[in-house]
file target-v1.cif (mmCIF, C-alpha atoms and all ligand atoms)
data_query
loop_
_atom_site.label_atom_id
_atom_site.label_comp_id
_atom_site.auth_asym_id
_atom_site.auth_seq_id
_atom_site.Cartn_x
_atom_site.Cartn_y
_atom_site.Cartn_z
CA MET H 41 0.00 0.00 0.00
CA THR H 42 1.41 3.42 -0.88
CA PRO H 43 2.02 5.69 2.13
CA ARG H 44 -0.62 8.33 2.84
CA LYS H 45 0.61 11.83 1.94
CA ILE H 46 0.13 14.28 4.80
CA ILE H 47 1.00 17.80 5.90
CA ILE H 48 1.38 18.21 9.67
CA ASP H 49 0.34 21.68 10.87
CA THR H 50 1.62 22.11 14.38
CA ASP H 51 2.48 24.25 17.42
CA PRO H 52 5.11 22.11 19.24
CA GLY H 53 4.40 21.52 22.20
CA GLN H 54 5.58 18.24 23.68
CA ASP H 55 2.53 16.29 22.48
CA ASP H 56 2.94 17.72 18.98
CA ALA H 57 6.53 16.50 19.12
CA VAL H 58 5.44 12.94 19.92
CA ALA H 59 2.93 13.08 17.06
CA ILE H 60 5.64 14.21 14.61
CA LEU H 61 7.95 11.43 15.85
CA LEU H 62 5.20 8.83 15.40
CA ALA H 63 4.57 10.00 11.83
CA LEU H 64 8.28 10.01 10.94
CA ALA H 65 8.67 6.53 12.47
CA SER H 66 6.04 5.16 10.06
CA PRO H 67 7.38 5.78 6.52
CA GLU H 68 5.68 2.71 5.12
CA ASP H 69 2.31 4.18 6.11
CA ILE H 70 2.85 7.94 6.09
CA ASP H 71 4.70 10.28 3.71
CA VAL H 72 5.17 13.60 5.52
CA LEU H 73 5.28 16.09 2.64
CA GLY H 74 6.09 18.93 5.02
CA ILE H 75 5.52 20.41 8.45
CA THR H 76 3.89 23.82 8.83
CA ALA H 77 4.30 25.69 12.10
CA VAL H 78 1.64 27.93 13.60
CA ALA H 79 1.52 30.15 16.68
CA GLY H 80 -0.20 28.39 19.56
CA ASN H 81 1.36 26.72 22.57
CA VAL H 82 4.25 29.19 22.20
CA PRO H 83 4.87 31.98 19.68
CA LEU H 84 5.71 31.17 16.05
CA PRO H 85 9.51 31.64 16.29
CA LEU H 86 9.53 28.86 18.89
CA THR H 87 7.03 26.53 17.21
CA SER H 88 8.96 26.76 13.92
CA LYS H 89 12.22 26.11 15.82
CA ASN H 90 10.76 23.22 17.85
CA ALA H 91 9.40 21.50 14.74
CA ARG H 92 12.95 21.40 13.36
CA ILE H 93 14.38 20.20 16.67
CA VAL H 94 11.98 17.26 16.54
CA CYS H 95 12.78 16.44 12.89
CA GLU H 96 16.49 16.32 13.77
CA LEU H 97 15.75 14.21 16.86
CA ALA H 98 14.03 11.77 14.47
CA GLY H 99 17.06 11.86 12.15
CA ARG H 100 14.99 13.54 9.45
CA PRO H 101 16.52 16.97 8.70
CA ASP H 102 15.25 16.45 5.14
CA VAL H 103 11.63 17.15 6.11
CA PRO H 104 10.77 20.71 5.00
CA VAL H 105 9.51 22.94 7.82
CA TYR H 106 7.64 26.17 7.06
CA ALA H 107 6.64 29.05 9.31
CA GLY H 108 3.01 30.09 9.06
CA CYS H 109 0.72 32.54 10.83
CA ASP H 110 2.04 34.24 13.93
CA ARG H 111 -1.38 35.17 15.31
CA PRO H 112 -5.01 34.09 15.04
CA LEU H 113 -7.33 35.50 12.37
CA GLY H 114 -9.36 37.78 14.55
CA ARG H 115 -7.99 38.05 18.05
CA ALA H 116 -4.78 38.35 20.07
CA LEU H 117 -2.63 35.24 20.45
CA VAL H 118 -3.12 33.19 23.59
CA THR H 119 -0.23 30.84 24.43
CA ALA H 120 0.22 27.96 26.88
CA GLU H 121 3.65 28.25 28.49
CA HIS H 122 1.94 27.26 31.74
CA VAL H 123 1.51 23.80 30.22
CA HIS H 124 4.46 23.37 27.87
CA GLY H 125 7.10 25.58 29.51
CA LYS H 126 8.85 28.68 28.18
CA THR H 127 10.43 26.96 25.17
CA GLY H 128 7.40 24.84 24.39
CA LEU H 129 9.57 21.72 24.56
CA ASN H 130 10.62 21.83 28.20
CA GLY H 131 11.74 18.51 29.67
CA PRO H 132 14.65 17.13 27.64
CA VAL H 133 17.74 19.14 26.75
CA LEU H 134 17.79 19.09 22.93
CA PRO H 135 20.23 20.88 20.62
CA ASP H 136 19.17 23.91 18.58
CA PRO H 137 18.30 22.94 15.00
CA VAL H 138 20.86 23.06 12.20
CA MET H 139 18.34 22.42 9.40
CA PRO H 140 17.01 25.65 7.88
CA LEU H 141 13.46 26.94 7.91
CA GLN H 142 11.99 26.97 4.40
CA GLN H 143 11.62 30.38 2.77
CA ASP H 144 8.01 30.01 1.61
CA HIS H 145 5.13 30.86 3.94
CA ALA H 146 3.38 27.79 5.34
CA VAL H 147 0.05 28.84 3.86
CA ASP H 148 1.58 28.99 0.37
CA PHE H 149 3.20 25.59 0.91
CA ILE H 150 -0.18 24.09 1.82
CA ILE H 151 -1.85 25.67 -1.24
CA ASP H 152 0.94 24.76 -3.67
CA THR H 153 1.21 21.19 -2.39
CA VAL H 154 -2.53 20.46 -2.53
CA ARG H 155 -2.67 21.93 -6.06
CA ARG H 156 0.42 19.96 -7.19
CA GLU H 157 -0.55 16.56 -5.79
CA ASP H 158 -3.43 14.56 -7.25
CA SER H 159 -6.85 15.64 -6.10
CA GLY H 160 -7.75 13.66 -2.99
CA ALA H 161 -4.12 12.71 -2.32
CA VAL H 162 -3.21 14.99 0.59
CA THR H 163 -4.50 14.71 4.18
CA LEU H 164 -4.10 17.76 6.42
CA CYS H 165 -3.22 16.97 10.06
CA PRO H 166 -3.63 20.11 12.19
CA LEU H 167 -2.33 19.70 15.76
CA GLY H 168 -2.71 23.32 16.89
CA PRO H 169 -4.88 26.37 16.19
CA LEU H 170 -6.40 26.19 12.70
CA THR H 171 -5.11 29.56 11.50
CA ASN H 172 -2.85 28.26 8.68
CA ILE H 173 -5.53 25.91 7.36
CA ALA H 174 -8.23 28.57 7.37
CA MET H 175 -5.92 31.10 5.70
CA ALA H 176 -5.13 28.56 2.96
CA PHE H 177 -8.84 27.92 2.36
CA GLU H 178 -9.58 31.67 2.28
CA LYS H 179 -6.65 32.44 -0.07
CA ALA H 180 -7.26 29.46 -2.39
CA PRO H 181 -10.82 28.14 -2.12
CA ASP H 182 -10.12 25.79 -5.03
CA ILE H 183 -8.03 23.53 -2.78
CA MET H 184 -10.95 22.60 -0.53
CA ASP H 185 -12.27 20.15 -3.12
CA ARG H 186 -8.78 18.66 -3.52
CA VAL H 187 -7.98 17.92 0.13
CA ALA H 188 -8.54 14.23 0.96
CA GLU H 189 -9.59 14.92 4.54
CA ILE H 190 -8.60 16.79 7.67
CA VAL H 191 -7.74 14.82 10.80
CA LEU H 192 -7.29 17.27 13.64
CA MET H 193 -6.82 17.45 17.39
CA GLY H 194 -9.18 19.95 18.93
CA GLY H 195 -12.45 20.57 20.67
CA ALA H 196 -14.34 18.71 23.35
CA TYR H 197 -17.89 17.72 24.18
CA PHE H 198 -18.33 15.62 27.34
CA GLU H 199 -14.90 16.75 28.57
CA VAL H 200 -15.75 20.44 27.99
CA GLY H 201 -12.85 22.92 28.23
CA ASN H 202 -9.19 22.79 29.21
CA ILE H 203 -8.41 26.48 28.74
CA THR H 204 -11.84 27.92 29.67
CA PRO H 205 -14.81 26.13 31.26
CA THR H 206 -16.14 25.38 27.76
CA ALA H 207 -13.31 25.55 25.21
CA GLU H 208 -10.34 23.38 24.25
CA PHE H 209 -7.11 25.31 23.60
CA ASN H 210 -6.62 24.80 19.82
CA ILE H 211 -10.15 25.94 19.00
CA TYR H 212 -10.15 28.68 21.64
CA VAL H 213 -7.01 30.32 20.27
CA ASP H 214 -8.59 30.82 16.83
CA PRO H 215 -12.37 30.21 16.81
CA GLN H 216 -12.81 32.08 13.52
CA ALA H 217 -10.33 29.76 11.82
CA ALA H 218 -12.03 26.72 13.29
CA ASP H 219 -15.40 28.00 12.04
CA ILE H 220 -13.98 28.30 8.50
CA VAL H 221 -12.56 24.77 8.64
CA PHE H 222 -15.70 23.11 10.06
CA LYS H 223 -17.88 24.91 7.47
CA SER H 224 -15.50 24.20 4.57
CA GLY H 225 -17.22 21.02 3.44
CA VAL H 226 -13.91 19.14 3.69
CA GLU H 227 -14.28 15.80 5.51
CA VAL H 228 -13.12 16.40 9.09
CA THR H 229 -12.21 13.80 11.70
CA VAL H 230 -11.88 15.26 15.19
CA MET H 231 -9.76 13.97 18.08
CA PRO H 232 -11.31 15.94 20.98
CA LEU H 233 -10.38 15.96 24.66
CA ASP H 234 -13.07 13.28 25.07
CA VAL H 235 -10.57 10.91 23.45
CA THR H 236 -7.21 12.43 24.32
CA HIS H 237 -7.93 12.51 28.03
CA LYS H 238 -8.12 8.72 27.81
CA ALA H 239 -4.61 8.48 26.29
CA LEU H 240 -2.68 9.17 29.48
CA VAL H 241 1.04 8.54 29.91
CA THR H 242 0.84 6.61 33.17
CA LYS H 243 4.11 5.76 34.91
CA PRO H 244 4.32 2.22 33.42
CA ARG H 245 3.80 3.70 29.96
CA ASN H 246 6.40 6.39 30.59
CA ASP H 247 8.78 3.69 31.86
CA ARG H 248 8.31 1.84 28.54
CA PHE H 249 9.37 4.97 26.62
CA ARG H 250 12.45 5.33 28.82
CA ALA H 251 13.25 1.62 28.55
CA LEU H 252 13.69 2.04 24.79
CA GLY H 253 17.03 3.48 25.85
CA THR H 254 17.29 5.57 22.70
CA PRO H 255 17.59 9.37 22.46
CA VAL H 256 14.00 9.44 21.15
CA GLY H 257 12.63 7.17 23.89
CA ILE H 258 14.35 9.09 26.64
CA ALA H 259 13.36 12.48 25.19
CA VAL H 260 9.70 11.43 24.94
CA ALA H 261 9.79 10.19 28.54
CA GLU H 262 11.27 13.51 29.66
CA MET H 263 8.80 15.56 27.59
CA THR H 264 5.78 13.78 29.01
CA ASP H 265 7.24 13.87 32.52
CA PHE H 266 7.31 17.66 32.17
CA PHE H 267 3.96 18.39 30.61
CA GLU H 268 1.90 16.05 32.77
CA ARG H 269 2.05 18.56 35.63
CA PHE H 270 -0.79 20.73 34.28
CA ASP H 271 -3.26 17.89 33.82
CA LYS H 272 -2.30 16.09 37.04
CA GLU H 273 -2.89 19.28 39.00
CA LYS H 274 -6.10 20.29 37.21
CA TYR H 275 -7.77 16.94 36.66
CA GLY H 276 -5.94 14.64 39.04
CA SER H 277 -4.93 12.67 35.94
CA THR H 278 -2.60 9.69 36.21
CA GLY H 279 -0.35 11.09 33.47
CA ALA H 280 0.06 13.44 30.53
CA PRO H 281 -2.72 13.25 27.90
CA LEU H 282 -1.12 12.54 24.53
CA HIS H 283 -3.49 14.77 22.58
CA ASP H 284 -1.80 15.20 19.20
CA PRO H 285 -0.39 11.68 18.68
CA CYS H 286 -4.02 10.48 18.54
CA VAL H 287 -4.25 12.16 15.11
CA ILE H 288 -1.34 10.18 13.69
CA ALA H 289 -2.37 6.97 15.44
CA TYR H 290 -5.78 7.31 13.76
CA LEU H 291 -4.07 7.36 10.34
CA LEU H 292 -2.17 4.21 11.26
CA ARG H 293 -4.88 2.29 13.15
CA PRO H 294 -8.33 3.86 12.81
CA ASP H 295 -9.74 0.75 14.50
CA LEU H 296 -8.32 1.99 17.81
CA PHE H 297 -10.90 4.81 17.83
CA THR H 298 -14.68 5.07 17.89
CA GLY H 299 -16.92 8.08 17.34
CA ARG H 300 -20.00 9.46 15.65
CA HIS H 301 -20.60 11.47 12.47
CA VAL H 302 -22.36 14.50 13.88
CA ASN H 303 -22.79 18.23 13.39
CA VAL H 304 -20.15 20.37 15.07
CA GLU H 305 -20.39 24.15 15.18
CA ILE H 306 -17.97 26.62 16.74
CA GLU H 307 -18.94 29.37 19.14
CA THR H 308 -17.35 32.52 17.68
CA ARG H 309 -19.30 35.33 19.40
CA SER H 310 -20.08 34.68 23.04
CA ASP H 311 -17.37 35.77 25.49
CA LEU H 312 -18.68 33.17 27.91
CA THR H 313 -18.34 30.16 25.59
CA LEU H 314 -15.94 31.41 22.88
CA GLY H 315 -14.26 28.51 21.08
CA MET H 316 -16.68 25.85 22.29
CA THR H 317 -17.21 22.95 19.87
CA VAL H 318 -20.97 22.49 19.99
CA ALA H 319 -21.23 18.84 18.96
CA ASP H 320 -24.74 17.54 18.32
CA TRP H 321 -23.75 14.16 19.78
CA TRP H 322 -27.37 13.18 20.50
CA ARG H 323 -28.59 14.49 17.12
CA VAL H 324 -31.22 16.77 18.67
CA THR H 325 -31.02 19.33 15.85
CA ASP H 326 -31.53 19.13 12.11
CA ARG H 327 -28.03 20.54 11.52
CA ALA H 328 -26.25 18.41 8.92
CA PRO H 329 -23.41 16.19 10.22
CA ASN H 330 -20.04 17.69 9.18
CA ALA H 331 -17.48 15.84 11.32
CA MET H 332 -16.48 12.41 12.55
CA PHE H 333 -16.24 13.29 16.24
CA MET H 334 -14.27 10.66 18.17
CA GLY H 335 -15.41 9.60 21.62
CA ASP H 336 -13.24 6.66 22.68
CA VAL H 337 -9.85 5.04 22.17
CA ASP H 338 -8.26 1.67 22.96
CA ALA H 339 -5.56 3.27 25.12
CA ASP H 340 -3.48 0.12 25.56
CA GLY H 341 -3.52 -0.48 21.81
CA PHE H 342 -2.58 3.16 21.25
CA PHE H 343 0.43 2.98 23.57
CA ASP H 344 1.55 -0.39 22.17
CA LEU H 345 1.53 1.15 18.67
CA LEU H 346 3.26 4.34 19.80
CA THR H 347 5.99 2.63 21.82
CA ASP H 348 6.68 0.10 19.07
CA ARG H 349 6.99 2.82 16.40
CA LEU H 350 9.11 5.15 18.56
CA GLY H 351 11.45 2.22 19.12
CA ARG H 352 12.27 2.31 15.40
CA LEU H 353 13.86 5.78 15.57
O1 LIG W 401 -5.76 21.23 24.05
C1 LIG W 401 -4.68 20.42 23.66
C2 LIG W 401 -4.06 20.96 22.41
O2 LIG W 401 -3.56 22.27 22.66
C3 LIG W 401 -2.84 20.13 21.95
O3 LIG W 401 -2.73 20.21 20.56
C4 LIG W 401 -1.70 20.85 22.60
O4 LIG W 401 -0.47 20.68 21.89
C5 LIG W 401 -2.14 22.28 22.50
O5 LIG W 401 -1.82 22.73 21.19
CA CA W 402 -0.64 21.03 19.57
#

call {"tool": "encode", "arguments": {"input": "target-v1.cif", "output": "structure tokens"}}
result
Amino acid sequence: MTPRKIIIDTDPGQDDAVAILLALASPEDIDVLGITAVAGNVPLPLTSKNARIVCELAGRPDVPVYAGCDRPLGRALVTAEHVHGKTGLNGPVLPDPVMPLQQDHAVDFIIDTVRREDSGAVTLCPLGPLTNIAMAFEKAPDIMDRVAEIVLMGGAYFEVGNITPTAEFNIYVDPQAADIVFKSGVEVTVMPLDVTHKALVTKPRNDRFRALGTPVGIAVAEMTDFFERFDKEKYGSTGAPLHDPCVIAYLLRPDLFTGRHVNVEIETRSDLTLGMTVADWWRVTDRAPNAMFMGDVDADGFFDLLTDRLGRL
């Protein structure tokens, strides 16, 4: 089977880093055409630097990394150093990148790549705020019919918010962009907090990363050791939720996940619930379904897959 062509749009972020590593550890299944950085967990200069740090950690300085939008479409940037640390990759000590940042803007890379590849060939995998994706759709509406699908981490329904009482961080940072993406008509598969809060790096799972004994295994153990603090303190979790790797794991083993095809709309006006993903899980409205909204994951299967693939790097 030919590898699935994807673009990873990301705001590394320790969990983004693990997602990128999982994708790069799976060349027989996934062809990463490029990585586009967006402002989110930390500002754009850091997310575009961290994406390159992770590529070099994976031994893949050949993967082109592009800088994208440095702020949301319609509001000031909100970052999450309180979760990810000042650098966005706190935990391990990793060398600054040697590989260069590409000259083109990330939005132009997304547009040019989707236009160049066969229609239906490219899957977009956003792991942060949806600013770059929305800008690409606004600048080049023709690409929306050419994108195979979008598999993104963002939103929440039963889990409600992690940055406000009602909103998940990626959607909250840029609700306007999320609204554009969910109304684009492109097939969207959503990995919300409802799923990612079930993918927790418990101590035995962290020990398995460390036991790989490789620079990647040890770095992942140190990353998740660092960024579990927020969730342990807030939710009393038993470990760090591996939000973004759920997107890549879905590409590799969709059978690990279950969900429903429902309508999802984004709150873009109310200050009280800004960025909420209003998922019609119980189908109580006549709003047309527009997203495959995941609700559960086989966590043991997920971590078996992840640990096995990371062990290849
Ligand atoms: O709410 C979790 C999401 O926000 C993850 O993608 C994490 O990396 C942050 O971007
Ligand atoms: Ca992210």

call {"tool": "residues_around", "arguments": {"input": "target-v1.cif", "residues": "stretch 131-139 of chain H", "least_positions_apart": "6", "cutoff": "10 Å", "atoms": "only C-alpha atoms", "output": "ChimeraX atom specification"}}
result
/H:54,89-97,100-105,124-125,255,258-267

call {"tool": "residues_around", "arguments": {"input": "target-v1.cif", "residues": "stretch 155-166 of chain H", "least_positions_apart": "4", "cutoff": "10 Å", "atoms": "only C-alpha atoms", "output": "ChimeraX atom specification"}}
result
/H:44-51,56,71-73,75-78,149-151,170-173,180,182-194,210,227-229,284,287-288,291

call {"tool": "closest_residue", "arguments": {"input": "target-v1.cif", "among": "H:Ile211, H:Leu350, H:Ala239, H:Ala196", "to": "ligand CA 402 (chain W)", "atoms": "all atoms listed in the file"}}
result
H:Ile211

call {"tool": "residues_near_ligand", "arguments": {"input": "target-v1.cif", "ligand": "ligand LIG 401 (chain W)", "cutoff": "10 Å", "atoms": "all atoms listed in the file", "output": "PyMOL selection string"}}
result
chain H and resi 50-59+78-82+119-120+123-124+128+166-169+192-196+201-203+207-213+231-233+236-237+281-285+287

call {"tool": "write_last_selection", "arguments": {"input": "target-v1.cif", "atoms": "C-alpha atoms", "output": "mmCIF file, keeping the file's coordinate frame"}}
result
data_model
loop_
_atom_site.group_PDB
_atom_site.id
_atom_site.type_symbol
_atom_site.label_atom_id
_atom_site.label_comp_id
_atom_site.auth_asym_id
_atom_site.auth_seq_id
_atom_site.Cartn_x
_atom_site.Cartn_y
_atom_site.Cartn_z
ATOM 1 C CA THR H 50 1.620 22.110 14.380
ATOM 2 C CA ASP H 51 2.480 24.250 17.420
ATOM 3 C CA PRO H 52 5.110 22.110 19.240
ATOM 4 C CA GLY H 53 4.400 21.520 22.200
ATOM 5 C CA GLN H 54 5.580 18.240 23.680
ATOM 6 C CA ASP H 55 2.530 16.290 22.480
ATOM 7 C CA ASP H 56 2.940 17.720 18.980
ATOM 8 C CA ALA H 57 6.530 16.500 19.120
ATOM 9 C CA VAL H 58 5.440 12.940 19.920
ATOM 10 C CA ALA H 59 2.930 13.080 17.060
ATOM 11 C CA VAL H 78 1.640 27.930 13.600
ATOM 12 C CA ALA H 79 1.520 30.150 16.680
ATOM 13 C CA GLY H 80 -0.200 28.390 19.560
ATOM 14 C CA ASN H 81 1.360 26.720 22.570
ATOM 15 C CA VAL H 82 4.250 29.190 22.200
ATOM 16 C CA THR H 119 -0.230 30.840 24.430
ATOM 17 C CA ALA H 120 0.220 27.960 26.880
ATOM 18 C CA VAL H 123 1.510 23.800 30.220
ATOM 19 C CA HIS H 124 4.460 23.370 27.870
ATOM 20 C CA GLY H 128 7.400 24.840 24.390
ATOM 21 C CA PRO H 166 -3.630 20.110 12.190
ATOM 22 C CA LEU H 167 -2.330 19.700 15.760
ATOM 23 C CA GLY H 168 -2.710 23.320 16.890
ATOM 24 C CA PRO H 169 -4.880 26.370 16.190
ATOM 25 C CA LEU H 192 -7.290 17.270 13.640
ATOM 26 C CA MET H 193 -6.820 17.450 17.390
ATOM 27 C CA GLY H 194 -9.180 19.950 18.930
ATOM 28 C CA GLY H 195 -12.450 20.570 20.670
ATOM 29 C CA ALA H 196 -14.340 18.710 23.350
ATOM 30 C CA GLY H 201 -12.850 22.920 28.230
ATOM 31 C CA ASN H 202 -9.190 22.790 29.210
ATOM 32 C CA ILE H 203 -8.410 26.480 28.740
ATOM 33 C CA ALA H 207 -13.310 25.550 25.210
ATOM 34 C CA GLU H 208 -10.340 23.380 24.250
ATOM 35 C CA PHE H 209 -7.110 25.310 23.600
ATOM 36 C CA ASN H 210 -6.620 24.800 19.820
ATOM 37 C CA ILE H 211 -10.150 25.940 19.000
ATOM 38 C CA TYR H 212 -10.150 28.680 21.640
ATOM 39 C CA VAL H 213 -7.010 30.320 20.270
ATOM 40 C CA MET H 231 -9.760 13.970 18.080
ATOM 41 C CA PRO H 232 -11.310 15.940 20.980
ATOM 42 C CA LEU H 233 -10.380 15.960 24.660
ATOM 43 C CA THR H 236 -7.210 12.430 24.320
ATOM 44 C CA HIS H 237 -7.930 12.510 28.030
ATOM 45 C CA PRO H 281 -2.720 13.250 27.900
ATOM 46 C CA LEU H 282 -1.120 12.540 24.530
ATOM 47 C CA HIS H 283 -3.490 14.770 22.580
ATOM 48 C CA ASP H 284 -1.800 15.200 19.200
ATOM 49 C CA PRO H 285 -0.390 11.680 18.680
ATOM 50 C CA VAL H 287 -4.250 12.160 15.110
#

call {"tool": "closest_residue", "arguments": {"input": "target-v1.cif", "among": "H:Ser66, H:Leu141, H:Phe198, H:Cys286", "to": "ligand CA 402 (chain W)", "atoms": "only C-alpha atoms and all ligand atoms"}}
result
H:Cys286

call {"tool": "closest_residue", "arguments": {"input": "target-v1.cif", "among": "H:Asn303, H:Leu61, H:Thr87, H:Glu178", "to": "ligand CA 402 (chain W)", "atoms": "only C-alpha atoms and all ligand atoms"}}
result
H:Thr87

call {"tool": "atom_distance", "arguments": {"input": "target-v1.cif", "atom1": "atom CA of H:Val230", "atom2": "atom CA of H:Gln142"}}
result
28.7 Å

call {"tool": "residues_around", "arguments": {"input": "target-v1.cif", "residues": "stretch 295-301 of chain H", "least_positions_apart": "6", "cutoff": "10 Å", "atoms": "all atoms listed in the file", "output": "number ranges by chain"}}
result
H: 228-231, 235, 286, 289, 319-323, 328-342, 345

call {"tool": "write_last_selection", "arguments": {"input": "target-v1.cif", "atoms": "C-alpha atoms", "output": "short mmCIF file (atom, residue, chain, number, x, y, z; two decimals), keeping the file's coordinate frame"}}
result
data_model
loop_
_atom_site.label_atom_id
_atom_site.label_comp_id
_atom_site.auth_asym_id
_atom_site.auth_seq_id
_atom_site.Cartn_x
_atom_site.Cartn_y
_atom_site.Cartn_z
CA VAL H 228 -13.12 16.40 9.09
CA THR H 229 -12.21 13.80 11.70
CA VAL H 230 -11.88 15.26 15.19
CA MET H 231 -9.76 13.97 18.08
CA VAL H 235 -10.57 10.91 23.45
CA CYS H 286 -4.02 10.48 18.54
CA ALA H 289 -2.37 6.97 15.44
CA ALA H 319 -21.23 18.84 18.96
CA ASP H 320 -24.74 17.54 18.32
CA TRP H 321 -23.75 14.16 19.78
CA TRP H 322 -27.37 13.18 20.50
CA ARG H 323 -28.59 14.49 17.12
CA ALA H 328 -26.25 18.41 8.92
CA PRO H 329 -23.41 16.19 10.22
CA ASN H 330 -20.04 17.69 9.18
CA ALA H 331 -17.48 15.84 11.32
CA MET H 332 -16.48 12.41 12.55
CA PHE H 333 -16.24 13.29 16.24
CA MET H 334 -14.27 10.66 18.17
CA GLY H 335 -15.41 9.60 21.62
CA ASP H 336 -13.24 6.66 22.68
CA VAL H 337 -9.85 5.04 22.17
CA ASP H 338 -8.26 1.67 22.96
CA ALA H 339 -5.56 3.27 25.12
CA ASP H 340 -3.48 0.12 25.56
CA GLY H 341 -3.52 -0.48 21.81
CA PHE H 342 -2.58 3.16 21.25
CA LEU H 345 1.53 1.15 18.67
#

call {"tool": "residues_around", "arguments": {"input": "target-v1.cif", "residues": "H:Arg349", "least_positions_apart": "6", "cutoff": "10 Å", "atoms": "only C-alpha atoms", "output": "PyMOL selection string"}}
result
chain H and resi 61-66+343

call {"tool": "residues_around", "arguments": {"input": "target-v1.cif", "residues": "H:Thr254", "least_positions_apart": "4", "cutoff": "8 Å", "atoms": "all atoms listed in the file", "output": "ChimeraX atom specification"}}
result
/H:250,258,351,353

call {"tool": "closest_residue", "arguments": {"input": "target-v1.cif", "among": "H:Phe249, H:Ile60, H:Gly74, H:Arg269", "to": "ligand CA 402 (chain W)", "atoms": "all atoms listed in the file"}}
result
H:Ile60

call {"tool": "atom_distance", "arguments": {"input": "target-v1.cif", "atom1": "atom CA of H:Val318", "atom2": "atom CA of H:Ser277"}}
result
24.7 Å

call {"tool": "closest_residue", "arguments": {"input": "target-v1.cif", "among": "H:Leu292, H:Ala174, H:Thr127, H:Leu117", "to": "H:Lys223", "atoms": "only C-alpha atoms"}}
result
H:Ala174

call {"tool": "closest_residue", "arguments": {"input": "target-v1.cif", "among": "H:Leu129, H:Lys179, H:Pro140, H:Pro294", "to": "ligand CA 402 (chain W)", "atoms": "all atoms listed in the file"}}
result
H:Leu129

call {"tool": "residues_near_point", "arguments": {"input": "target-v1.cif", "point": "(3.0, 33.4, 12.7)", "cutoff": "8 Å", "atoms": "only C-alpha atoms", "output": "list in words"}}
result
Ala77, Val78, Ala79, Pro83, Leu84, Pro85, Ala107, Gly108, Cys109, Asp110 and Arg111 of chain H
